[in-house]
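*Asks:* My questions all concern the structure below.
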Amino acid sequence: MKTTIKISMMGLFLLLTFFISCKNGPQNETTDSSQNEAIINSENNKGQAFIADDESTPNVLQIAVGSADHSTLVAAVQAAELENVLVNAGPLMVFAPTNEAFDALPEGTVEDLLKPENKDALANILKYHVTPGNYSKDFLMNFKKLGQANNQNVSVEVKDNEVYVGGAKIIGSISAGNGIVHVVDKVILPPTQ
Amino acid sequence: MKIYSHLIASLGTALMLVSCGQQNKSSNGALSSSAAEKVYVAPGEQDEFYAFMSGGYSGNLTVYGLPSGRMFKEIPVFSQFPTSGYGYSEETKPMLNTSHGFVPWDDAHHPDISQTNGELDGRWIFINGNNTPRIARISLSTFETEEIIEVPNSAGNHSSSFITENTEYVVAGTRFSVPIPQRDMPINEYKSNFKGSLSFISVDPEHGHMDLKFQLLMPGFNYDLSHPGRGKSHGWFFFTTYNTEEAHTLQEVNSSQNDKDFIAAVNWKKIEEYVNNGGGTKMPANYAHNLYDESTHTATTTMKKEVLTVDPLKVPGAVYFLPTPKSPHGCDVDPTGQYIIGNGKLSADLTVHSFDNMIAAIEGEKFDGEAYGIPILKFEDVLAGQVKSGGLGPLHTEFDGKGNAYTTFFISSEVVKWKLGTWEVIDRKPTYYSVGHLMIPGGNSRKPFGKYVVAMNKITKDRYLPTGPEMEHSAQIYDISGEKMELIYDFPTHGEPHYAAGIPAEILAPKSKKIYRLDENKHPYAVLSPTDSKVVRDGNEVHVYMSTIRSHFTPDNIEGIKVGDKVYFHITNHEQDFDVPHGFAMIGQNTSELLVMPGQTKTSVWEPKQVGVWPFYCTDFCSALHQEMQGYVRVSPANSNVELKWSLGE
């Protein structure tokens, strides 16, 4: 497990490096900091998520974007237009299901959720993966439940020294500039209200 | 699920989404030509509204115009202000006295303008110092701080300084509960031993003078924000609470365990009656009351030694708890006084309580237990409705007087407009970024002026040209005259505005003072005629009675000062012309300059340490001959016998 995390962290680092270099565009390889400016061009792509910043510690969104294991999650965040929430001062603790976790959902579930008419349902599920807070995996062992951003509680259990949030196991953790990303092995579905 | 295998495993694609992909899109959208027209105040024209924004950690209050976003003045309140000499001059140093000594800074939070019959009357504006608990009153004719009262038994004076609808009281609630009276005890014995004080400070209807009438000693919760009842609910005051868990450490976790905290509803009229009939317990205390007298231009400090405390259990029917979800922050009451809104900052929803329901539940004695003897009403019985907006992190709500409410959401960074009574969301607009409070002129009164809402953001990032890691906060103005809000302007604010109060310019502008009348100057060291100027030695103290007029000081040559003297320059500005201040600064002086308004007297101290001839000058470009407005002081050795003399034009 530790090795996996290390590898994914390494990957992340490389990816972030790529992220930084990409910003000035392939035509402009020599760095010109005057071009490191916000890219705010359309109604839907405005806000903090779209500020270029290569100095700060990556935020939870940038971490997700930079992880090849979370492309489905990122696609879902974009479909639900939650990018600006994830770059907020927070602090935010994001339980980030891997692509494999999304793949384990019943056939067709993700496709359905990504449809524009299901944006609210998708947003509700994604917000159930976000806590206003920033706690390490060890510290989470002190909790019985967490209050999630969609207004519902999720259970926290400890089994064999592993932490399970809403039944999903934390398999890796990455500190972010505005909180922490805990990689989980399952999609956490909110209880029906 | 295979369709996801082609979905972006490569980072390059993902990156396009964030940083590389937006460049072909166009249209900022915010600053259309009509928006420009709406905020454009042509040169020479004046704004429609005053906006008074708290300066947060600047300790001061800033005055802006709406809709232009132009800053007119920074009013020093809790912080020393070298620009004018506030807190440096001998006259104003007492304004910053407290029971902890001279405290030259505070964290200014929530300004509130005085009201009559629930409408803004524009006499005074009050603001709280959060850190060393204080309440200040500022004159809205001189725009100067006139009075500061310290609040004893309080800590983190945050649910302050909100006024009742006839300015009977300015109310100051503690954020942090503490031992009352303060004593040496283990922190972990917080629970049930610490108390939260809610202070009701009466305001003299004629002069505005403040007096701490009584303190309600409540359970040891955190009292976050408050607002008065108005109209039908006049006589009540509402306070949000959090940390009803009474945690004393790691509150970010431990204060969020209960699904619901409370809004405390306090019937202050009932308690006032109890107190007026001799109720309450006098408790020894020590707190400063600093009062500035406009005729002497001088502040004095009185240390008060007693406070009247009230145990809520001794006044049946005076205090109730309304369960409210998720550590509510803002506590706002609509213009009719019917709805009390709790903004649960860890919730997605807003909770709206009904005043009528609350009264019915109280009369029906439908209680759901009690907390430290204070009855808890049933959530369902008092609830009027919930606003399910889908936003995250609601903080504050204001009203437009047309049946709509506007709530800020910190985490989702937006203002949401919704309808009172139906709770439906009408519109939502992003803010840039992470909005804290918002303000509609009169939005916290019976009669809001619902033309603009100003969103005060906590995070600026890329909104303006970068100025290094530290930036001023950003604010946005939205036109709310239509069904949908329209972002029309974006401007930086000074310090950290936690709240603001706006008022139509036509109420304030006509009574703004232009000069202080010299013939009304009662300062003991004032010089009313230049012929009265003099220098008087009293031991090693030297008092210089000095006057200024364009473009000289009288006297401007002084001899006979010695090393080791303490020289007081008492400077009276003899101008009686609008906007002609004179400044005063002495080389090597260990204090700020003075800026003396027409007709005013201010005093600055200088303790010369070196022999020589030292110049002083006017720091304000007062006139065409400003550069000539200077003088010299000859400083002789401590043992010299150079005669004391002073002159002008010899």
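Every chain in the structure tokens has a letter given in the order shown (A, B, ...), and although residue numbers restart at 1 in each chain, ligands are simply numbered from 1 in the order shown.
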So that I can check the surroundings of Gln78 of chain A, please list as a ChimeraX atom specification every protein, DNA and RNA residue that reaches within 12 Å of it, counting only C-alpha atoms and ignoring chain neighbours fewer than 2 positions away.

*Replies:* /A:44-45,49,61,64-65,71-76,80-86,113-116,119,122-123,126 /B:14,17-18

*Asks:* So that I can check the surroundings of Gln148 of chain A, please list as a PDB file with N, CA and C atoms, in the first residue's frame every protein, DNA and RNA residue that reaches within 9 Å of it, counting only C-alpha atoms and ignoring chain neighbours fewer than 4 positions away.

*Replies:*
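Below you can see out-v8.pdb, which holds the result:
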ATOM      1  N   LYS A 127     -21.012  16.081  -3.461  1.00  0.00           N
ATOM      2  CA  LYS A 127     -20.900  16.832  -2.212  1.00  0.00           C
ATOM      3  C   LYS A 127     -20.888  15.894  -0.998  1.00  0.00           C
ATOM      4  N   TYR A 128     -21.460  14.713  -1.180  1.00  0.00           N
ATOM      5  CA  TYR A 128     -21.420  13.725  -0.096  1.00  0.00           C
ATOM      6  C   TYR A 128     -19.997  13.202   0.100  1.00  0.00           C
ATOM      7  N   HIS A 129     -19.113  13.510  -0.829  1.00  0.00           N
ATOM      8  CA  HIS A 129     -17.704  13.119  -0.710  1.00  0.00           C
ATOM      9  C   HIS A 129     -16.837  14.240  -0.150  1.00  0.00           C
ATOM     10  N   VAL A 130     -17.484  15.339   0.288  1.00  0.00           N
ATOM     11  CA  VAL A 130     -16.705  16.511   0.729  1.00  0.00           C
ATOM     12  C   VAL A 130     -17.117  16.900   2.150  1.00  0.00           C
ATOM     13  N   THR A 131     -16.126  17.088   3.015  1.00  0.00           N
ATOM     14  CA  THR A 131     -16.368  17.569   4.374  1.00  0.00           C
ATOM     15  C   THR A 131     -15.708  18.941   4.517  1.00  0.00           C
ATOM     16  N   PRO A 132     -16.406  19.908   5.128  1.00  0.00           N
ATOM     17  CA  PRO A 132     -15.686  21.133   5.492  1.00  0.00           C
ATOM     18  C   PRO A 132     -14.784  20.820   6.691  1.00  0.00           C
ATOM     19  N   GLN A 152     -25.784  15.838   4.644  1.00  0.00           N
ATOM     20  CA  GLN A 152     -26.038  14.540   5.283  1.00  0.00           C
ATOM     21  C   GLN A 152     -24.780  14.096   6.027  1.00  0.00           C
ATOM     22  N   ASN A 153     -24.985  13.199   6.964  1.00  0.00           N
ATOM     23  CA  ASN A 153     -23.851  12.660   7.716  1.00  0.00           C
ATOM     24  C   ASN A 153     -23.357  11.373   7.061  1.00  0.00           C
ATOM     25  N   VAL A 154     -22.078  11.147   7.201  1.00  0.00           N
ATOM     26  CA  VAL A 154     -21.509   9.891   6.723  1.00  0.00           C
ATOM     27  C   VAL A 154     -20.784   9.235   7.903  1.00  0.00           C
TER      28      VAL A 154
ATOM     29  N   LEU B 346     -22.263  25.283   8.418  1.00  0.00           N
ATOM     30  CA  LEU B 346     -21.828  23.978   7.943  1.00  0.00           C
ATOM     31  C   LEU B 346     -22.966  23.238   7.237  1.00  0.00           C
ATOM     32  N   SER B 347     -24.030  23.985   6.968  1.00  0.00           N
ATOM     33  CA  SER B 347     -25.184  23.372   6.349  1.00  0.00           C
ATOM     34  C   SER B 347     -25.291  23.874   4.921  1.00  0.00           C
TER      35      SER B 347
END

*Asks:* From the options B:Lys195, B:Lys458, B:Lys269, B:His100, which residue's atoms come nearest to chain A, counting only C-alpha atoms?

*Replies:*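 Answer, going by the shortest atom-to-atom distance: B:Lys458.
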
*Asks:* Record the distance separating atom CA of Val77 of chain A and atom CA of Lys326 of chain B, expressed in Å with one decimal.

*Replies:*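 Taking atom CA of Val77 of chain A and atom CA of Lys326 of chain B, their separation equals 25.3 Å.
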
*Asks:* Would you list, as a compact mmCIF listing (two decimals) with N, CA and C atoms, in the first residue's frame, the residues of segment 132-258 of chain B that end up in strand (DSSP E) under DSSP run on this structure's backbone?

*Replies:*
# COMPACT_ATOMS: atom_id res chain seq x y z
N ARG B 134 -15.02 46.07 23.18
CA ARG B 134 -15.37 47.48 23.27
C ARG B 134 -16.47 47.78 22.27
N ILE B 135 -17.24 48.82 22.55
CA ILE B 135 -18.22 49.33 21.60
C ILE B 135 -17.91 50.81 21.41
N ALA B 136 -17.89 51.24 20.16
CA ALA B 136 -17.63 52.64 19.87
C ALA B 136 -18.87 53.29 19.26
N ARG B 137 -19.00 54.59 19.55
CA ARG B 137 -20.05 55.39 18.91
C ARG B 137 -19.36 56.50 18.13
N ILE B 138 -19.77 56.63 16.89
CA ILE B 138 -19.15 57.61 16.00
C ILE B 138 -20.22 58.60 15.58
N SER B 139 -19.90 59.86 15.63
CA SER B 139 -20.85 60.89 15.23
C SER B 139 -20.98 60.89 13.71
N THR B 145 -14.91 59.45 16.08
CA THR B 145 -15.27 58.59 17.21
C THR B 145 -15.45 59.45 18.45
N GLU B 146 -16.62 59.33 19.06
CA GLU B 146 -16.94 60.18 20.21
C GLU B 146 -16.91 59.43 21.53
N GLU B 147 -17.05 58.10 21.46
CA GLU B 147 -17.21 57.37 22.71
C GLU B 147 -16.83 55.92 22.51
N ILE B 148 -16.11 55.37 23.48
CA ILE B 148 -15.81 53.93 23.46
C ILE B 148 -16.04 53.39 24.87
N ILE B 149 -16.85 52.37 24.96
CA ILE B 149 -17.08 51.74 26.26
C ILE B 149 -16.56 50.31 26.20
N GLU B 150 -15.79 49.95 27.19
CA GLU B 150 -15.29 48.58 27.28
C GLU B 150 -16.41 47.68 27.80
N SER B 159 -21.04 39.10 18.71
CA SER B 159 -22.47 39.25 18.37
C SER B 159 -22.90 40.67 18.71
N SER B 160 -22.19 41.63 18.15
CA SER B 160 -22.24 43.04 18.49
C SER B 160 -22.02 43.81 17.19
N SER B 161 -22.19 45.08 17.08
CA SER B 161 -22.87 45.98 17.96
C SER B 161 -24.18 46.38 17.31
N PHE B 162 -25.21 45.62 17.58
CA PHE B 162 -26.48 45.81 16.89
C PHE B 162 -27.45 46.56 17.79
N ILE B 163 -28.24 47.42 17.17
CA ILE B 163 -29.06 48.31 17.98
C ILE B 163 -30.54 47.96 17.85
N TYR B 169 -30.95 50.47 22.94
CA TYR B 169 -29.76 49.74 23.36
C TYR B 169 -28.86 49.45 22.17
N VAL B 170 -27.57 49.42 22.44
CA VAL B 170 -26.65 48.77 21.53
C VAL B 170 -26.24 47.49 22.25
N VAL B 171 -26.33 46.38 21.54
CA VAL B 171 -26.20 45.08 22.19
C VAL B 171 -24.87 44.43 21.81
N ALA B 172 -24.21 43.85 22.81
CA ALA B 172 -22.88 43.26 22.62
C ALA B 172 -22.84 41.89 23.27
N GLY B 173 -22.78 40.85 22.46
CA GLY B 173 -22.71 39.49 22.99
C GLY B 173 -21.31 38.93 22.86
N LYS B 195 -19.28 31.16 31.48
CA LYS B 195 -20.56 31.79 31.14
C LYS B 195 -20.37 32.68 29.92
N GLY B 196 -21.50 32.90 29.23
CA GLY B 196 -21.51 33.82 28.09
C GLY B 196 -22.33 35.05 28.46
N SER B 197 -21.73 36.22 28.34
CA SER B 197 -22.47 37.43 28.73
C SER B 197 -23.06 38.13 27.51
N LEU B 198 -24.30 38.56 27.65
CA LEU B 198 -24.96 39.36 26.62
C LEU B 198 -25.22 40.73 27.26
N SER B 199 -24.57 41.76 26.71
CA SER B 199 -24.59 43.07 27.35
C SER B 199 -25.55 44.01 26.64
N PHE B 200 -26.38 44.65 27.43
CA PHE B 200 -27.32 45.64 26.89
C PHE B 200 -26.87 47.01 27.37
N ILE B 201 -26.38 47.79 26.40
CA ILE B 201 -25.80 49.10 26.68
C ILE B 201 -26.80 50.15 26.26
N SER B 202 -27.30 50.91 27.23
CA SER B 202 -28.32 51.90 26.89
C SER B 202 -27.66 53.09 26.19
N VAL B 203 -28.44 53.74 25.33
CA VAL B 203 -27.95 54.88 24.56
C VAL B 203 -28.82 56.08 24.89
N MET B 210 -23.33 56.19 26.13
CA MET B 210 -23.60 54.78 26.40
C MET B 210 -23.38 54.46 27.88
N ASP B 211 -24.20 53.53 28.36
CA ASP B 211 -24.09 53.10 29.75
C ASP B 211 -24.46 51.62 29.78
N LEU B 212 -23.61 50.81 30.39
CA LEU B 212 -23.90 49.38 30.45
C LEU B 212 -25.01 49.14 31.46
N LYS B 213 -26.22 48.93 30.92
CA LYS B 213 -27.39 48.84 31.80
C LYS B 213 -27.45 47.48 32.51
N PHE B 214 -27.33 46.41 31.75
CA PHE B 214 -27.30 45.09 32.41
C PHE B 214 -26.63 44.06 31.50
N GLN B 215 -26.14 43.01 32.16
CA GLN B 215 -25.54 41.88 31.46
C GLN B 215 -26.30 40.62 31.80
N LEU B 216 -26.73 39.92 30.77
CA LEU B 216 -27.41 38.65 30.96
C LEU B 216 -26.35 37.56 30.94
N LEU B 217 -26.28 36.77 32.02
CA LEU B 217 -25.25 35.73 32.10
C LEU B 217 -25.82 34.39 31.64
N MET B 218 -25.44 34.01 30.44
CA MET B 218 -26.02 32.85 29.76
C MET B 218 -25.10 31.64 29.88
N PRO B 219 -25.62 30.43 29.50
CA PRO B 219 -24.75 29.25 29.50
C PRO B 219 -23.51 29.46 28.64
N ASN B 222 -20.93 29.70 22.58
CA ASN B 222 -20.38 30.82 21.80
C ASN B 222 -21.56 31.58 21.18
N TYR B 223 -21.61 32.89 21.42
CA TYR B 223 -22.70 33.71 20.89
C TYR B 223 -22.16 34.44 19.68
N ASP B 224 -22.62 34.04 18.50
CA ASP B 224 -21.90 34.38 17.28
C ASP B 224 -22.35 35.70 16.67
N LEU B 225 -23.63 35.81 16.38
CA LEU B 225 -24.14 37.05 15.81
C LEU B 225 -25.52 37.30 16.38
N SER B 226 -26.03 38.50 16.16
CA SER B 226 -27.32 38.81 16.76
C SER B 226 -28.02 39.87 15.91
N HIS B 227 -29.32 39.96 16.10
CA HIS B 227 -30.06 41.07 15.51
C HIS B 227 -31.30 41.34 16.35
N PRO B 228 -31.75 42.59 16.30
CA PRO B 228 -32.94 42.93 17.07
C PRO B 228 -34.20 42.47 16.37
N TRP B 236 -37.61 42.03 21.47
CA TRP B 236 -36.82 40.79 21.52
C TRP B 236 -35.49 41.01 20.83
N PHE B 237 -34.54 40.18 21.19
CA PHE B 237 -33.24 40.18 20.52
C PHE B 237 -32.86 38.73 20.28
N PHE B 238 -32.26 38.46 19.14
CA PHE B 238 -31.96 37.08 18.76
C PHE B 238 -30.45 36.90 18.56
N PHE B 239 -29.93 35.83 19.13
CA PHE B 239 -28.49 35.55 19.07
C PHE B 239 -28.28 34.13 18.55
N THR B 240 -27.44 33.98 17.54
CA THR B 240 -27.06 32.61 17.18
C THR B 240 -26.02 32.10 18.17
N THR B 241 -26.09 30.80 18.43
CA THR B 241 -25.07 30.18 19.28
C THR B 241 -24.42 29.03 18.51
N TYR B 242 -23.19 28.74 18.85
CA TYR B 242 -22.57 27.47 18.44
C TYR B 242 -21.74 27.01 19.63

*Asks:* Residues near Ile171 of chain A, anyone? I mean within 7 Å using only C-alpha atoms, not counting same-chain ones fewer than 3 positions away, as a PDB file with N, CA and C atoms, in the first residue's frame.

*Replies:*
ATOM      1  N   VAL A 183      -7.855   9.330  -0.898  1.00  0.00           N
ATOM      2  CA  VAL A 183      -8.269   8.457  -1.999  1.00  0.00           C
ATOM      3  C   VAL A 183      -9.037   7.280  -1.399  1.00  0.00           C
ATOM      4  N   VAL A 184     -10.230   6.993  -1.932  1.00  0.00           N
ATOM      5  CA  VAL A 184     -11.044   5.892  -1.404  1.00  0.00           C
ATOM      6  C   VAL A 184     -11.340   4.879  -2.509  1.00  0.00           C
ATOM      7  N   ASP A 185     -11.661   3.667  -2.063  1.00  0.00           N
ATOM      8  CA  ASP A 185     -11.799   2.577  -3.031  1.00  0.00           C
ATOM      9  C   ASP A 185     -13.239   2.348  -3.484  1.00  0.00           C
TER      10      ASP A 185
END

*Asks:* Residues of segment 34-278 of chain B classed as alpha helix (DSSP H) by DSSP on the backbone are to be reported as a list of chain:residue names.

*Replies:*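 Written out, the alpha helix (DSSP H) residues of segment 34-278 of chain B are B:Ser34, B:Ala35, B:Ala36, B:Glu37, B:Lys38, B:Val39, B:Gln251, B:Glu252, B:Val253, B:Asn254, B:Trp268, B:Lys269, B:Lys270, B:Ile271, B:Glu272, B:Glu273, B:Tyr274, B:Val275, B:Asn276.
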
*Asks:* Can you spit out the residues from that selection as a PDB file, in the first residue's frame, using N, CA and C atoms?

*Replies:*
ATOM      1  N   SER B  34     -24.007  49.002 -19.998  1.00  0.00           N
ATOM      2  CA  SER B  34     -25.059  49.456 -19.093  1.00  0.00           C
ATOM      3  C   SER B  34     -24.589  49.386 -17.646  1.00  0.00           C
ATOM      4  N   ALA B  35     -23.774  48.383 -17.323  1.00  0.00           N
ATOM      5  CA  ALA B  35     -23.213  48.306 -15.966  1.00  0.00           C
ATOM      6  C   ALA B  35     -22.336  49.516 -15.716  1.00  0.00           C
ATOM      7  N   ALA B  36     -21.548  49.883 -16.715  1.00  0.00           N
ATOM      8  CA  ALA B  36     -20.672  51.039 -16.563  1.00  0.00           C
ATOM      9  C   ALA B  36     -21.487  52.292 -16.288  1.00  0.00           C
ATOM     10  N   GLU B  37     -22.574  52.450 -16.990  1.00  0.00           N
ATOM     11  CA  GLU B  37     -23.426  53.619 -16.756  1.00  0.00           C
ATOM     12  C   GLU B  37     -23.995  53.617 -15.342  1.00  0.00           C
ATOM     13  N   LYS B  38     -24.316  52.424 -14.859  1.00  0.00           N
ATOM     14  CA  LYS B  38     -24.940  52.350 -13.530  1.00  0.00           C
ATOM     15  C   LYS B  38     -23.995  52.753 -12.399  1.00  0.00           C
ATOM     16  N   VAL B  39     -22.722  52.501 -12.575  1.00  0.00           N
ATOM     17  CA  VAL B  39     -21.803  52.835 -11.487  1.00  0.00           C
ATOM     18  C   VAL B  39     -21.068  54.142 -11.733  1.00  0.00           C
ATOM     19  N   GLN B 251     -12.039  23.224  18.714  1.00  0.00           N
ATOM     20  CA  GLN B 251     -13.444  23.525  18.452  1.00  0.00           C
ATOM     21  C   GLN B 251     -13.865  23.177  17.028  1.00  0.00           C
ATOM     22  N   GLU B 252     -12.919  23.187  16.086  1.00  0.00           N
ATOM     23  CA  GLU B 252     -13.317  22.911  14.705  1.00  0.00           C
ATOM     24  C   GLU B 252     -13.929  21.522  14.580  1.00  0.00           C
ATOM     25  N   VAL B 253     -13.571  20.638  15.482  1.00  0.00           N
ATOM     26  CA  VAL B 253     -14.206  19.323  15.515  1.00  0.00           C
ATOM     27  C   VAL B 253     -15.247  19.270  16.623  1.00  0.00           C
ATOM     28  N   ASN B 254     -14.821  19.674  17.804  1.00  0.00           N
ATOM     29  CA  ASN B 254     -15.642  19.422  18.990  1.00  0.00           C
ATOM     30  C   ASN B 254     -16.881  20.309  19.071  1.00  0.00           C
ATOM     31  N   TRP B 268     -35.801  41.425  25.885  1.00  0.00           N
ATOM     32  CA  TRP B 268     -35.062  42.417  26.687  1.00  0.00           C
ATOM     33  C   TRP B 268     -35.992  43.391  27.388  1.00  0.00           C
ATOM     34  N   LYS B 269     -37.192  43.580  26.839  1.00  0.00           N
ATOM     35  CA  LYS B 269     -38.134  44.492  27.518  1.00  0.00           C
ATOM     36  C   LYS B 269     -38.502  43.932  28.883  1.00  0.00           C
ATOM     37  N   LYS B 270     -38.678  42.607  28.903  1.00  0.00           N
ATOM     38  CA  LYS B 270     -39.024  41.964  30.163  1.00  0.00           C
ATOM     39  C   LYS B 270     -37.882  42.095  31.170  1.00  0.00           C
ATOM     40  N   ILE B 271     -36.662  41.929  30.680  1.00  0.00           N
ATOM     41  CA  ILE B 271     -35.509  42.029  31.585  1.00  0.00           C
ATOM     42  C   ILE B 271     -35.304  43.480  32.029  1.00  0.00           C
ATOM     43  N   GLU B 272     -35.538  44.404  31.118  1.00  0.00           N
ATOM     44  CA  GLU B 272     -35.425  45.829  31.454  1.00  0.00           C
ATOM     45  C   GLU B 272     -36.388  46.181  32.591  1.00  0.00           C
ATOM     46  N   GLU B 273     -37.607  45.646  32.489  1.00  0.00           N
ATOM     47  CA  GLU B 273     -38.608  45.897  33.524  1.00  0.00           C
ATOM     48  C   GLU B 273     -38.143  45.321  34.873  1.00  0.00           C
ATOM     49  N   TYR B 274     -37.610  44.097  34.801  1.00  0.00           N
ATOM     50  CA  TYR B 274     -37.086  43.426  36.001  1.00  0.00           C
ATOM     51  C   TYR B 274     -35.972  44.265  36.638  1.00  0.00           C
ATOM     52  N   VAL B 275     -35.091  44.767  35.790  1.00  0.00           N
ATOM     53  CA  VAL B 275     -33.961  45.562  36.281  1.00  0.00           C
ATOM     54  C   VAL B 275     -34.450  46.908  36.834  1.00  0.00           C
ATOM     55  N   ASN B 276     -35.390  47.520  36.125  1.00  0.00           N
ATOM     56  CA  ASN B 276     -35.927  48.810  36.581  1.00  0.00           C
ATOM     57  C   ASN B 276     -36.644  48.687  37.926  1.00  0.00           C
TER      58      ASN B 276
END

*Asks:* So that I can see what lies close to segment 645-648 of chain B, please list as a tab-separated table (two decimals) with N, CA and C atoms, in the first residue's frame the residues with an atom at most 6 Å from it, counting only C-alpha atoms and leaving out residues fewer than 6 positions away in the same chain.

*Replies:*
chain	number	residue	atom	x	y	z
B	554	THR	N	1.92	80.76	15.28
B	554	THR	CA	2.21	81.80	16.27
B	554	THR	C	2.36	81.13	17.63
B	555	PRO	N	3.54	81.16	18.24
B	555	PRO	CA	4.80	81.71	17.76
B	555	PRO	C	5.49	80.76	16.80
B	556	ASP	N	6.49	81.27	16.06
B	556	ASP	CA	7.26	80.36	15.20
B	556	ASP	C	8.74	80.30	15.59
B	557	ASN	N	9.15	81.13	16.55
B	557	ASN	CA	10.51	81.01	17.11
B	557	ASN	C	10.38	80.85	18.62
B	558	ILE	N	10.95	79.79	19.14
B	558	ILE	CA	10.88	79.55	20.59
B	558	ILE	C	12.31	79.27	21.08
B	559	GLU	N	12.69	79.96	22.14
B	559	GLU	CA	14.01	79.70	22.74
B	559	GLU	C	13.82	79.44	24.23

*Asks:* Name the residues in contact with Glu470 of chain B at a cut-off of 12 Å, using only C-alpha atoms, excluding same-chain residues fewer than 6 positions from it; report them as a PyMOL selection string.

*Replies:* chain B and resi 459-462+494-496

*Asks:* Quick one: of B:Tyr499, B:Glu246, B:Ile187, B:Ser68, who's nearest to Pro43 of chain B, counting only C-alpha atoms?

*Replies:* B:Ser68

*Asks:* Using 8 Å as the limit and counting only C-alpha atoms, can you tabulate each residue of segment 479-531 of chain B that touches segment 283-296 of chain B, with its shortest atom-to-atom distance in Å and the two atoms involved, as a Markdown table?

*Replies:*
| residue | atom | partner | partner_atom | distance |
| --- | --- | --- | --- | --- |
| B:Glu520 | CA | B:Ser295 | CA | 6.3 |
| B:Asn521 | CA | B:Ser295 | CA | 5.4 |
| B:Lys522 | CA | B:Thr296 | CA | 4.5 |
| B:His523 | CA | B:Thr296 | CA | 4.0 |
| B:Pro524 | CA | B:Thr296 | CA | 7.2 |

*Asks:* Those selected residues, please, written with C-alpha atoms and delivered as a PDB file, in the first residue's frame.

*Replies:*
ATOM      1  CA  GLU B 520     -17.171  77.432  20.896  1.00  0.00           C
ATOM      2  CA  ASN B 521     -13.727  75.949  21.569  1.00  0.00           C
ATOM      3  CA  LYS B 522     -13.527  75.147  25.309  1.00  0.00           C
ATOM      4  CA  HIS B 523     -10.172  73.379  25.222  1.00  0.00           C
ATOM      5  CA  PRO B 524      -8.242  74.472  28.357  1.00  0.00           C
TER       6      PRO B 524
END
